[in-house]
Structures are given as C-alpha cells and as structure tokens.
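Structure file coords_3.cif; described as mmCIF, C-alpha atoms.
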data_start
#
loop_
_atom_site.group_PDB
_atom_site.id
_atom_site.type_symbol
_atom_site.label_atom_id
_atom_site.label_comp_id
_atom_site.auth_asym_id
_atom_site.auth_seq_id
_atom_site.Cartn_x
_atom_site.Cartn_y
_atom_site.Cartn_z
ATOM 1 C CA MET C 7 0.000 0.000 0.000
ATOM 2 C CA SER C 8 1.387 3.403 -0.983
ATOM 3 C CA LEU C 9 1.999 6.157 1.558
ATOM 4 C CA GLU C 10 -0.896 8.200 0.123
ATOM 5 C CA ALA C 11 -3.336 5.291 0.409
ATOM 6 C CA ARG C 12 -2.170 4.442 3.911
ATOM 7 C CA LYS C 13 -2.550 8.019 5.119
ATOM 8 C CA THR C 14 -5.975 8.329 3.484
ATOM 9 C CA LYS C 15 -7.150 5.241 5.393
ATOM 10 C CA GLU C 16 -5.638 6.609 8.581
ATOM 11 C CA GLY C 17 -7.502 9.854 8.030
ATOM 12 C CA SER C 18 -10.773 7.983 7.595
ATOM 13 C CA ASP C 19 -10.124 6.194 10.888
ATOM 14 C CA HIS C 20 -9.662 9.539 12.639
ATOM 15 C CA MET C 21 -12.939 10.792 11.114
ATOM 16 C CA THR C 22 -14.719 7.726 12.504
ATOM 17 C CA ALA C 23 -13.196 8.307 15.930
ATOM 18 C CA ALA C 24 -14.292 11.963 15.808
ATOM 19 C CA ALA C 25 -17.860 10.956 14.994
ATOM 20 C CA LYS C 26 -17.919 8.693 18.032
ATOM 21 C CA HIS C 27 -16.843 11.578 20.273
ATOM 22 C CA LEU C 28 -19.856 13.539 19.017
ATOM 23 C CA GLU C 29 -22.330 10.805 19.872
ATOM 24 C CA THR C 30 -24.515 11.186 22.941
ATOM 25 C CA SER C 31 -26.160 8.396 24.912
ATOM 26 C CA ALA C 32 -28.458 8.460 27.906
ATOM 27 C CA TRP C 33 -27.446 4.869 28.665
ATOM 28 C CA LYS C 34 -23.803 5.899 28.946
ATOM 29 C CA LEU C 35 -24.711 9.084 30.801
ATOM 30 C CA LYS C 36 -23.115 11.105 28.008
ATOM 31 C CA PHE C 37 -25.492 13.983 27.413
ATOM 32 C CA SER C 38 -23.322 16.309 25.313
ATOM 33 C CA PRO C 39 -20.728 15.816 22.565
ATOM 34 C CA ASP C 40 -17.042 15.758 23.450
ATOM 35 C CA TRP C 41 -16.120 18.671 21.177
ATOM 36 C CA ASP C 42 -12.478 18.866 22.314
ATOM 37 C CA SER C 43 -11.683 15.237 21.490
ATOM 38 C CA ALA C 44 -13.639 15.407 18.228
ATOM 39 C CA ALA C 45 -11.755 18.538 17.158
ATOM 40 C CA ASP C 46 -8.403 16.841 17.769
ATOM 41 C CA GLU C 47 -9.462 13.814 15.705
ATOM 42 C CA PHE C 48 -10.737 15.984 12.848
ATOM 43 C CA GLN C 49 -7.454 17.902 12.897
ATOM 44 C CA LYS C 50 -5.439 14.656 12.732
ATOM 45 C CA ALA C 51 -7.653 13.441 9.885
ATOM 46 C CA ALA C 52 -7.026 16.654 7.930
ATOM 47 C CA VAL C 53 -3.261 16.219 8.264
ATOM 48 C CA CYS C 54 -3.480 12.624 7.058
ATOM 49 C CA PHE C 55 -5.674 13.551 4.083
ATOM 50 C CA LYS C 56 -3.202 16.256 3.079
ATOM 51 C CA VAL C 57 -0.339 13.760 3.108
ATOM 52 C CA GLY C 58 -2.558 11.476 1.033
ATOM 53 C CA ARG C 59 -3.260 14.422 -1.280
ATOM 54 C CA VAL C 60 -7.017 13.956 -0.922
ATOM 55 C CA TRP C 61 -7.670 17.664 -0.858
ATOM 56 C CA ASP C 62 -11.474 17.700 -0.735
ATOM 57 C CA GLN C 63 -11.517 15.414 2.290
ATOM 58 C CA ALA C 64 -8.743 17.424 3.940
ATOM 59 C CA LYS C 65 -10.721 20.647 3.534
ATOM 60 C CA SER C 66 -13.866 18.996 4.865
ATOM 61 C CA ALA C 67 -11.958 17.707 7.905
ATOM 62 C CA HIS C 68 -10.603 21.187 8.627
ATOM 63 C CA MET C 69 -14.097 22.663 8.451
ATOM 64 C CA LYS C 70 -15.442 20.029 10.841
ATOM 65 C CA ALA C 71 -12.493 20.686 13.148
ATOM 66 C CA ALA C 72 -13.279 24.420 13.049
ATOM 67 C CA GLU C 73 -16.862 23.750 14.098
ATOM 68 C CA ALA C 74 -15.750 21.468 16.900
ATOM 69 C CA TYR C 75 -13.122 23.901 18.195
ATOM 70 C CA ALA C 76 -15.657 26.754 18.090
ATOM 71 C CA ASN C 77 -18.196 24.684 20.048
ATOM 72 C CA SER C 78 -15.541 23.875 22.627
ATOM 73 C CA GLY C 79 -14.714 27.582 23.016
ATOM 74 C CA SER C 80 -11.298 27.400 21.314
ATOM 75 C CA LEU C 81 -11.954 30.226 18.853
ATOM 76 C CA PHE C 82 -8.309 30.792 17.941
ATOM 77 C CA HIS C 83 -7.851 27.146 16.938
ATOM 78 C CA ALA C 84 -11.127 27.331 15.006
ATOM 79 C CA GLY C 85 -9.724 30.277 13.088
ATOM 80 C CA LYS C 86 -6.571 28.303 12.280
ATOM 81 C CA GLN C 87 -8.697 25.593 10.675
ATOM 82 C CA PHE C 88 -10.173 28.172 8.298
ATOM 83 C CA ASP C 89 -6.626 29.318 7.577
ATOM 84 C CA GLN C 90 -5.654 25.776 6.609
ATOM 85 C CA ALA C 91 -8.799 25.325 4.501
ATOM 86 C CA LEU C 92 -7.917 28.540 2.663
ATOM 87 C CA LEU C 93 -4.479 27.149 1.781
ATOM 88 C CA ILE C 94 -6.114 24.011 0.404
ATOM 89 C CA CYS C 95 -8.403 26.141 -1.777
ATOM 90 C CA LYS C 96 -5.288 27.847 -3.112
ATOM 91 C CA GLU C 97 -3.738 24.444 -3.861
ATOM 92 C CA MET C 98 -6.908 23.308 -5.646
ATOM 93 C CA GLY C 99 -7.447 26.593 -7.482
ATOM 94 C CA GLN C 100 -10.869 27.066 -5.833
ATOM 95 C CA LEU C 101 -10.451 30.807 -5.368
ATOM 96 C CA GLU C 102 -14.192 31.451 -5.351
ATOM 97 C CA GLU C 103 -14.297 30.114 -1.769
ATOM 98 C CA VAL C 104 -11.409 32.197 -0.468
ATOM 99 C CA GLU C 105 -13.335 35.364 0.480
ATOM 100 C CA ASP C 106 -15.866 33.489 2.607
ATOM 101 C CA LEU C 107 -13.230 31.376 4.367
ATOM 102 C CA ALA C 108 -11.022 34.384 5.108
ATOM 103 C CA SER C 109 -13.940 36.463 6.390
ATOM 104 C CA ARG C 110 -15.158 33.715 8.726
ATOM 105 C CA GLY C 111 -11.670 32.831 9.907
ATOM 106 C CA GLY C 112 -10.770 36.477 10.441
ATOM 107 C CA LEU C 113 -13.893 36.980 12.549
ATOM 108 C CA LEU C 114 -12.976 33.994 14.735
ATOM 109 C CA TYR C 115 -9.459 35.351 15.243
ATOM 110 C CA ARG C 116 -10.887 38.734 16.253
ATOM 111 C CA GLN C 117 -13.325 37.117 18.666
ATOM 112 C CA ALA C 118 -10.390 35.194 20.127
ATOM 113 C CA GLY C 119 -8.567 38.476 20.763
ATOM 114 C CA SER C 120 -5.982 38.042 17.999
ATOM 115 C CA PRO C 121 -6.512 40.872 15.483
ATOM 116 C CA GLU C 122 -2.963 40.439 14.180
ATOM 117 C CA SER C 123 -3.724 36.899 13.003
ATOM 118 C CA ALA C 124 -7.018 38.124 11.543
ATOM 119 C CA SER C 125 -5.401 40.886 9.493
ATOM 120 C CA HIS C 126 -2.634 38.590 8.213
ATOM 121 C CA MET C 127 -5.212 36.058 7.062
ATOM 122 C CA LEU C 128 -7.360 38.690 5.346
ATOM 123 C CA ILE C 129 -4.375 40.212 3.542
ATOM 124 C CA ARG C 130 -3.091 36.831 2.332
ATOM 125 C CA ALA C 131 -6.539 36.016 0.996
ATOM 126 C CA ALA C 132 -6.878 39.426 -0.675
ATOM 127 C CA LYS C 133 -3.569 38.964 -2.499
ATOM 128 C CA LEU C 134 -4.770 35.583 -3.791
ATOM 129 C CA LEU C 135 -7.878 37.228 -5.258
ATOM 130 C CA GLU C 136 -6.413 40.447 -6.687
ATOM 131 C CA VAL C 137 -5.926 39.211 -10.241
ATOM 132 C CA LYS C 138 -9.018 37.082 -10.821
ATOM 133 C CA TYR C 139 -11.504 38.540 -8.336
ATOM 134 C CA PRO C 140 -10.450 42.138 -7.558
ATOM 135 C CA GLU C 141 -13.884 43.103 -6.199
ATOM 136 C CA ARG C 142 -13.696 40.342 -3.585
ATOM 137 C CA ALA C 143 -10.170 41.398 -2.682
ATOM 138 C CA ILE C 144 -11.435 44.942 -2.056
ATOM 139 C CA SER C 145 -13.794 43.672 0.634
ATOM 140 C CA LEU C 146 -10.998 41.755 2.361
ATOM 141 C CA TYR C 147 -8.635 44.749 2.349
ATOM 142 C CA GLU C 148 -11.405 46.862 3.883
ATOM 143 C CA LYS C 149 -11.957 44.259 6.598
ATOM 144 C CA ALA C 150 -8.212 44.162 7.272
ATOM 145 C CA ALA C 151 -8.180 47.958 7.594
ATOM 146 C CA ASP C 152 -11.113 47.817 10.000
ATOM 147 C CA THR C 153 -9.388 45.081 12.008
ATOM 148 C CA VAL C 154 -6.157 46.992 12.604
ATOM 149 C CA GLY C 155 -7.992 50.319 12.848
ATOM 150 C CA THR C 156 -9.758 49.166 15.990
ATOM 151 C CA GLU C 157 -6.322 48.467 17.471
ATOM 152 C CA ASP C 158 -5.280 52.114 17.131
ATOM 153 C CA ARG C 159 -2.965 51.454 14.175
ATOM 154 C CA PRO C 160 -4.200 54.032 11.632
ATOM 155 C CA ALA C 161 -1.056 53.995 9.489
ATOM 156 C CA GLU C 162 -1.371 50.262 8.826
ATOM 157 C CA ALA C 163 -5.114 50.635 8.289
ATOM 158 C CA GLY C 164 -4.355 53.332 5.727
ATOM 159 C CA GLN C 165 -2.047 50.985 3.830
ATOM 160 C CA HIS C 166 -4.776 48.355 3.532
ATOM 161 C CA MET C 167 -7.347 50.975 2.527
ATOM 162 C CA GLU C 168 -4.939 52.269 -0.112
ATOM 163 C CA GLN C 169 -4.752 48.785 -1.632
ATOM 164 C CA ALA C 170 -8.550 48.571 -1.661
ATOM 165 C CA ALA C 171 -8.759 51.930 -3.440
ATOM 166 C CA ARG C 172 -6.300 50.780 -6.100
ATOM 167 C CA LEU C 173 -8.443 47.748 -6.863
ATOM 168 C CA THR C 174 -11.655 49.797 -7.079
ATOM 169 C CA VAL C 175 -9.971 51.787 -9.835
ATOM 170 C CA ARG C 176 -9.166 48.535 -11.613
ATOM 171 C CA ALA C 177 -12.835 47.575 -11.259
ATOM 172 C CA ARG C 178 -13.845 51.060 -12.539
ATOM 173 C CA GLN C 179 -15.748 51.847 -9.352
ATOM 174 C CA TYR C 180 -14.587 55.456 -9.244
ATOM 175 C CA ASP C 181 -17.091 56.782 -6.689
ATOM 176 C CA ARG C 182 -16.057 54.048 -4.289
ATOM 177 C CA ALA C 183 -12.398 54.710 -5.080
ATOM 178 C CA ALA C 184 -12.834 58.373 -4.145
ATOM 179 C CA ASP C 185 -14.355 57.429 -0.797
ATOM 180 C CA LEU C 186 -11.566 54.949 -0.070
ATOM 181 C CA LEU C 187 -8.805 57.386 -1.018
ATOM 182 C CA ASN C 188 -10.365 60.019 1.230
ATOM 183 C CA ASN C 189 -10.478 57.499 4.082
ATOM 184 C CA THR C 190 -6.879 56.532 3.365
ATOM 185 C CA LEU C 191 -5.644 60.105 3.684
ATOM 186 C CA ASN C 192 -7.658 60.628 6.853
ATOM 187 C CA MET C 193 -6.055 57.525 8.371
ATOM 188 C CA TYR C 194 -2.561 58.680 7.422
ATOM 189 C CA SER C 195 -3.371 62.082 8.897
ATOM 190 C CA GLU C 196 -4.584 60.445 12.117
ATOM 191 C CA ALA C 197 -1.300 58.569 12.257
ATOM 192 C CA GLY C 198 0.543 61.908 12.249
ATOM 193 C CA THR C 199 2.044 61.650 8.767
ATOM 194 C CA GLN C 200 4.504 64.441 8.022
ATOM 195 C CA GLY C 201 6.274 65.507 4.845
ATOM 196 C CA THR C 202 5.590 64.128 1.368
ATOM 197 C CA ALA C 203 5.488 60.392 2.111
ATOM 198 C CA HIS C 204 1.900 60.024 0.869
ATOM 199 C CA GLY C 205 1.812 62.504 -1.986
ATOM 200 C CA ARG C 206 1.172 59.605 -4.363
ATOM 201 C CA VAL C 207 -2.235 59.083 -2.739
ATOM 202 C CA VAL C 208 -3.127 62.746 -3.218
ATOM 203 C CA LEU C 209 -2.120 62.679 -6.887
ATOM 204 C CA ALA C 210 -4.090 59.473 -7.445
ATOM 205 C CA PHE C 211 -7.089 61.057 -5.688
ATOM 206 C CA VAL C 212 -6.936 64.083 -8.020
ATOM 207 C CA ILE C 213 -6.907 61.797 -11.059
ATOM 208 C CA VAL C 214 -9.876 59.783 -9.775
ATOM 209 C CA GLN C 215 -11.907 62.921 -9.117
ATOM 210 C CA GLU C 216 -11.223 64.180 -12.633
ATOM 211 C CA GLN C 217 -12.205 60.773 -14.031
ATOM 212 C CA ARG C 218 -15.482 61.174 -12.138
ATOM 213 C CA GLY C 219 -15.964 64.477 -13.969
ATOM 214 C CA ASP C 220 -15.759 66.536 -10.791
ATOM 215 C CA SER C 221 -13.090 69.214 -11.198
ATOM 216 C CA VAL C 222 -14.386 71.059 -8.140
ATOM 217 C CA ALA C 223 -13.806 67.959 -5.993
ATOM 218 C CA ALA C 224 -10.308 67.594 -7.489
ATOM 219 C CA SER C 225 -9.522 71.180 -6.501
ATOM 220 C CA LYS C 226 -10.802 70.500 -2.969
ATOM 221 C CA VAL C 227 -8.524 67.466 -2.729
ATOM 222 C CA TRP C 228 -5.593 69.659 -3.647
ATOM 223 C CA SER C 229 -6.596 72.414 -1.204
ATOM 224 C CA GLN C 230 -6.872 69.943 1.662
ATOM 225 C CA TRP C 231 -4.040 67.527 0.985
ATOM 226 C CA GLY C 232 -1.666 69.206 -1.476
ATOM 227 C CA GLY C 233 0.912 69.784 1.232
ATOM 228 C CA LEU C 234 1.695 66.061 1.209
ATOM 229 C CA CYS C 235 3.021 66.219 -2.380
ATOM 230 C CA ASP C 236 6.608 66.772 -3.472
ATOM 231 C CA GLY C 237 7.523 69.246 -6.209
ATOM 232 C CA TYR C 238 7.023 66.856 -9.128
ATOM 233 C CA GLN C 239 3.692 65.607 -7.806
ATOM 234 C CA SER C 240 2.564 69.181 -7.199
ATOM 235 C CA ALA C 241 3.407 70.217 -10.754
ATOM 236 C CA ALA C 242 1.524 67.228 -12.174
ATOM 237 C CA ALA C 243 -1.520 67.832 -9.968
ATOM 238 C CA ASN C 244 -1.666 71.516 -10.876
ATOM 239 C CA ASP C 245 -1.413 70.724 -14.598
ATOM 240 C CA ILE C 246 -4.216 68.163 -14.326
ATOM 241 C CA ILE C 247 -6.529 70.372 -12.258
ATOM 242 C CA SER C 248 -5.912 73.512 -14.349
ATOM 243 C CA GLY C 249 -6.174 71.585 -17.608
ATOM 244 C CA PHE C 250 -9.577 70.157 -16.795
ATOM 245 C CA SER C 251 -10.890 73.330 -15.136
ATOM 246 C CA ASP C 252 -9.786 75.579 -18.013
ATOM 247 C CA GLN C 253 -10.693 73.054 -20.735
ATOM 248 C CA ASP C 254 -7.044 72.969 -21.780
ATOM 249 C CA GLY C 255 -6.511 69.430 -23.087
ATOM 250 C CA GLU C 256 -2.803 69.879 -23.752
ATOM 251 C CA LEU C 257 -2.123 70.990 -20.198
ATOM 252 C CA ALA C 258 -4.244 68.192 -18.751
ATOM 253 C CA ARG C 259 -2.487 65.609 -20.904
ATOM 254 C CA ARG C 260 0.917 66.982 -19.887
ATOM 255 C CA GLY C 261 0.014 66.394 -16.247
ATOM 256 C CA LEU C 262 -1.412 62.921 -16.895
ATOM 257 C CA ASP C 263 1.690 61.884 -18.852
ATOM 258 C CA SER C 264 4.146 63.295 -16.317
ATOM 259 C CA PRO C 265 6.811 61.132 -14.638
ATOM 260 C CA ALA C 266 5.100 61.702 -11.278
ATOM 261 C CA VAL C 267 1.919 60.040 -12.556
ATOM 262 C CA LYS C 268 3.835 57.241 -14.244
ATOM 263 C CA ALA C 269 5.479 56.493 -10.875
ATOM 264 C CA LEU C 270 2.067 55.617 -9.372
ATOM 265 C CA ASP C 271 0.650 52.085 -9.178
ATOM 266 C CA ASN C 272 -0.131 50.570 -12.576
ATOM 267 C CA ASP C 273 -3.894 50.884 -12.117
ATOM 268 C CA TYR C 274 -3.602 54.660 -11.817
ATOM 269 C CA VAL C 275 -1.106 54.852 -14.676
ATOM 270 C CA LYS C 276 -3.533 52.999 -16.954
ATOM 271 C CA LEU C 277 -6.418 55.208 -15.818
ATOM 272 C CA ALA C 278 -4.396 58.367 -16.577
ATOM 273 C CA ARG C 279 -3.313 57.008 -19.947
ATOM 274 C CA ASP C 280 -6.867 56.222 -21.036
ATOM 275 C CA MET C 281 -8.596 59.331 -19.669
ATOM 276 C CA GLU C 282 -10.324 61.637 -22.090
ATOM 277 C CA VAL C 283 -9.089 65.213 -21.772
ATOM 278 C CA PRO C 284 -10.864 68.416 -22.837
ATOM 279 C CA ARG C 285 -10.599 69.117 -26.548
ATOM 280 C CA GLY C 286 -9.511 72.690 -26.034
ATOM 281 C CA GLY C 287 -5.828 73.527 -26.283
ATOM 282 C CA GLY C 288 -5.674 76.706 -24.229
ATOM 283 C CA VAL C 289 -6.114 80.401 -24.995
ATOM 284 C CA GLY C 290 -4.661 80.240 -28.488
ATOM 285 C CA GLU C 291 -7.219 77.672 -29.627
ATOM 286 C CA GLU C 292 -10.091 79.640 -28.109
ATOM 287 C CA GLU C 293 -9.025 82.721 -30.128
ATOM 288 C CA GLU C 294 -8.864 80.614 -33.296
ATOM 289 C CA LEU C 295 -12.355 79.293 -32.671
ATOM 290 C CA ASP C 296 -13.649 82.851 -32.125
ATOM 291 C CA LEU C 297 -12.281 83.905 -35.519
ATOM 292 C CA CYS C 298 -14.194 81.115 -37.218
#
Show me this structure written as structure tokens.
Amino acid sequence: MSLEARKTKEGSDHMTAAAKHLETSAWKLKFSPDWDSAADEFQKAAVCFKVGRVWDQAKSAHMKAAEAYANSGSLFHAGKQFDQALLICKEMGQLEEVEDLASRGGLLYRQAGSPESASHMLIRAAKLLEVKYPERAISLYEKAADTVGTEDRPAEAGQHMEQAARLTVRARQYDRAADLLNNTLNMYSEAGTQGTAHGRVVLAFVIVQEQRGDSVAASKVWSQWGGLCDGYQSAAANDIISGFSDQDGELARRGLDSPAVKALDNDYVKLARDMEVPRGGGVGEEEELDLC
C-alpha cells in the first residue's frame, strides 16, 4: 500500500473516531458531545488527508475541526482551521471560496482576541484574489483595515485601505475609489504623517476625481491635501486640475503623462493614460475658434 493510500485510510479512521466523540447516549450518561476530542481527531484526519493528497476530504476535515473547536470555546484554533482550509483552496485553485473562508476565519481570530492573526489572514486572501476577483479582494482589504484600525494602528489601516482603493480603480468603481482614497488620507493624517510620504495618494485622488468628472472635488482634494506632495507631484496635480478646469486638453495631458503620474501604481497609470481630456488647447485655440 502506498503512503498516500495508507494516510488516506488513517484519516478515515480519525474521522470515525471523531464521529464517536460527538455521539450522545443516555445509557452511557453522556449527554453532550465531546467537542475537544472530536476537534483533535478531525485535525489529525485533515493532516493525514493532506499527506494522502485527498484535498477535498482534507478541507472537509478542517471545516469540521473548526466547528468542533468553536463549540468547545477554542476560537483561535477554530480560526486556524479556516486558515488551513484557505491554503487548500489555493492548492486546488478554488479561489471562489477564499473570500468566505477568510472572512469567517478572520472573525474567529478577532473574537479570540488576535486581530494580528485576523489581518494577516485577510491580507493573504486578498492577495490571492487580486488578479481574478479584484472586487472580492477589495472587501478583504477593507476588513483588514477595519481590524487593525480598531487596534489604534491608523497607518497600517491606511495601507490596507490604499490597496482597496487601487483595486476599485481597476474595477472602474470610481465613486467608491474616491471614498476609499479620502479614508486613506484621513487615516494617514490620524497617524501623524509628516512631509511628502503620501503625496502619491493625493495625486491618485486628483486623477480619480477628474475621471469622475468633478473638477471642483479635485480642486478641494488639492486644497486639503496638497501639502503632502513633493515638487514633481505638485506640478503634475496643478497641470491636471488647471487643464480640466480651463478646458485645456494639452495641459491636462501633460500632467497625466508626467513622470510623477507614471510612478504611481499601474492601475492609476492605466487610468491616466486612457482618460479623455478636454478638446480645447488653451487660450490660443479659443481665439482661433472665435475667428471662425
């Protein structure tokens, strides 16, 4: 018998033993399941199934172990079972289950008083989903930001929110992106950010507001947060805002094609590249139109 077959049989034996621990019997004066012992058997079964490369059964064993640990009051260990099930989904390419597993596992970690483990799990899951399911990854980044935000860590929360905003741009959810970028800057401000460390967020925010067709909002972003930008970012932002406000397409395009914009994350670079700018070319073009 091969190692895989032997371990699969061993896993099945552990599952049978776990089921027995869950049985109740008035004759044996056992009135409630033995959740602790069942959880340990389910956990051992999951390990055996993984060695046997029977992934579906391994995931099922982890989920049963999570339920048993939760019923026994061991919420942290229940969360770890969801963590292991998530890794199996990655191995099997079943990414559609990742968001649910990470959300449930993260909640268990938080209830167990371990927000650090919760945020790590949510971020790992979000990174798995970024390419194929960006909208689901957004939700996980937001939950990670909320998790660390409650622990008085606004700078880290801002980083997670910034990632969520980037993905909303990829998903073309520009109103949501504007809200997330505003929240990001507020979190960085709460963390006491000084200097020009987060000027990239301000420049990205200006671009998103112009994509939304709201030049007034873009100007407000600059008025409130422009001090976070360095010289190159400031020049680009001013070109973009003035170009759209004055219907000067050449000026707007100069700002959107600037090195400062091209240094942003790819999602913002692509947005800037594909944005439609005003057709006007400044004062000279307006005079030419008047003559016609």
Discussion item. Given the PyMOL selection byres ((chain C and resi 265-281) around 7) and the file above, list the residues it selects as a list in words.
Written reply: Arg172, Val175, Arg176, Arg206, Ala210, Ile213, Gln217, Tyr238, Gln239, Ala242, Leu262, Asp263, Ser264, Glu282 and Val283 of chain C
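For the structure in this document, the set picked by the PyMOL selection byres ((chain C and resi 65) around 9) is Ala52, Phe55, Lys56, Val60, Trp61, Asp62, Gln63, Ala64, Ser66, Ala67, His68, Met69, Lys70, Gln87, Phe88, Gln90, Ala91, Leu92, Ile94 and Cys95 of chain C.
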Since we have the selection now, will you write its residues out, keeping C-alpha atoms, as a PDB file, in the coordinates of the input?
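Listed below is the output, part-v8.pdb:
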ATOM      1  CA  ALA C  52      -7.026  16.654   7.930  1.00  0.00           C
ATOM      2  CA  PHE C  55      -5.674  13.551   4.083  1.00  0.00           C
ATOM      3  CA  LYS C  56      -3.202  16.256   3.079  1.00  0.00           C
ATOM      4  CA  VAL C  60      -7.017  13.956  -0.922  1.00  0.00           C
ATOM      5  CA  TRP C  61      -7.670  17.664  -0.858  1.00  0.00           C
ATOM      6  CA  ASP C  62     -11.474  17.700  -0.735  1.00  0.00           C
ATOM      7  CA  GLN C  63     -11.517  15.414   2.290  1.00  0.00           C
ATOM      8  CA  ALA C  64      -8.743  17.424   3.940  1.00  0.00           C
ATOM      9  CA  SER C  66     -13.866  18.996   4.865  1.00  0.00           C
ATOM     10  CA  ALA C  67     -11.958  17.707   7.905  1.00  0.00           C
ATOM     11  CA  HIS C  68     -10.603  21.187   8.627  1.00  0.00           C
ATOM     12  CA  MET C  69     -14.097  22.663   8.451  1.00  0.00           C
ATOM     13  CA  LYS C  70     -15.442  20.029  10.841  1.00  0.00           C
ATOM     14  CA  GLN C  87      -8.697  25.593  10.675  1.00  0.00           C
ATOM     15  CA  PHE C  88     -10.173  28.172   8.298  1.00  0.00           C
ATOM     16  CA  GLN C  90      -5.654  25.776   6.609  1.00  0.00           C
ATOM     17  CA  ALA C  91      -8.799  25.325   4.501  1.00  0.00           C
ATOM     18  CA  LEU C  92      -7.917  28.540   2.663  1.00  0.00           C
ATOM     19  CA  ILE C  94      -6.114  24.011   0.404  1.00  0.00           C
ATOM     20  CA  CYS C  95      -8.403  26.141  -1.777  1.00  0.00           C
TER      21      CYS C  95
END
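Closest approach to Arg218 of chain C among C:Ala183, C:Ala243, C:Leu9, C:Ala197: C:Ala183, based on all atoms listed in the file.
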Practice prompt. Could you expand the PyMOL selection byres ((chain C and resi 108) around 12) into the explicit residues it covers here, written as a count of residues only?
Written response: 46
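Put simply, atom CA of Ala72 of chain C is 7.3 Å away from atom CA of Ala45 of chain C.
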Practice prompt. Have a look at atom CA of Glu196 of chain C and atom CA of Ser120 of chain C and let me know their distance in Å, one decimal.
Written response: 23.2 Å
Extending 3 Å beyond the listed atoms of segment 100-116 of chain C on each side, what axis-aligned box results? I want centre and edge lengths in Å to one decimal, as JSON.
{"center_x": -12.7, "center_y": 32.9, "center_z": 5.2, "size_x": 12.4, "size_y": 17.7, "size_z": 28.1}
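Residues within 12 Å of Lys26 of chain C, counting all atoms listed in the file and excluding same-chain residues fewer than 6 positions away, are Asp19, His20, Lys36, Ser38, Pro39, Asp40, Trp41, Ser43, Ala44, Ala45, Glu47 and Phe48 of chain C.
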Practice prompt. Determine, counting only C-alpha atoms, which protein, DNA and RNA residues have an atom within 6 Å of an atom of Asp245 of chain C; residues of the same chain fewer than 2 positions away are not included. Present the result as a PyMOL selection string.
Written response: chain C and resi 242-243+247-249+257-258+261
Discussion item. Please compute the atom CA of Lys226 of chain C-atom CA of Tyr180 of chain C distance, one decimal, in Å.
Written reply: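 So the two atoms, atom CA of Lys226 of chain C and atom CA of Tyr180 of chain C, lie 16.7 Å apart.
Restricting the calculation to all atoms listed in the file, the smallest distance between Asp252 of chain C and any of C:Met98, C:Met167, C:Val222, C:Val227 is found for C:Val222.
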Discussion item. Calculated over all atoms listed in the file, which of the candidates C:Arg285, C:His27, C:His166, C:Arg159 has the smallest distance to Asp46 of chain C?
Written reply: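 Smallest distance to Asp46 of chain C is found for C:His27.
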Worksheet item: Which polymer residues have any atom within 10 Å of an atom of Glu157 of chain C, counting all atoms listed in the file, with same-chain residues fewer than 6 positions away left out, as a PyMOL selection string?
Response: chain C and resi 121-122+163
Item to complete: Go through C:Ala177, C:Leu209, C:Val214, C:Ala161 and flag the residue nearest Gly233 of chain C, using only C-alpha atoms for the distances.
Response: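 Smallest distance to Gly233 of chain C is found for C:Leu209.
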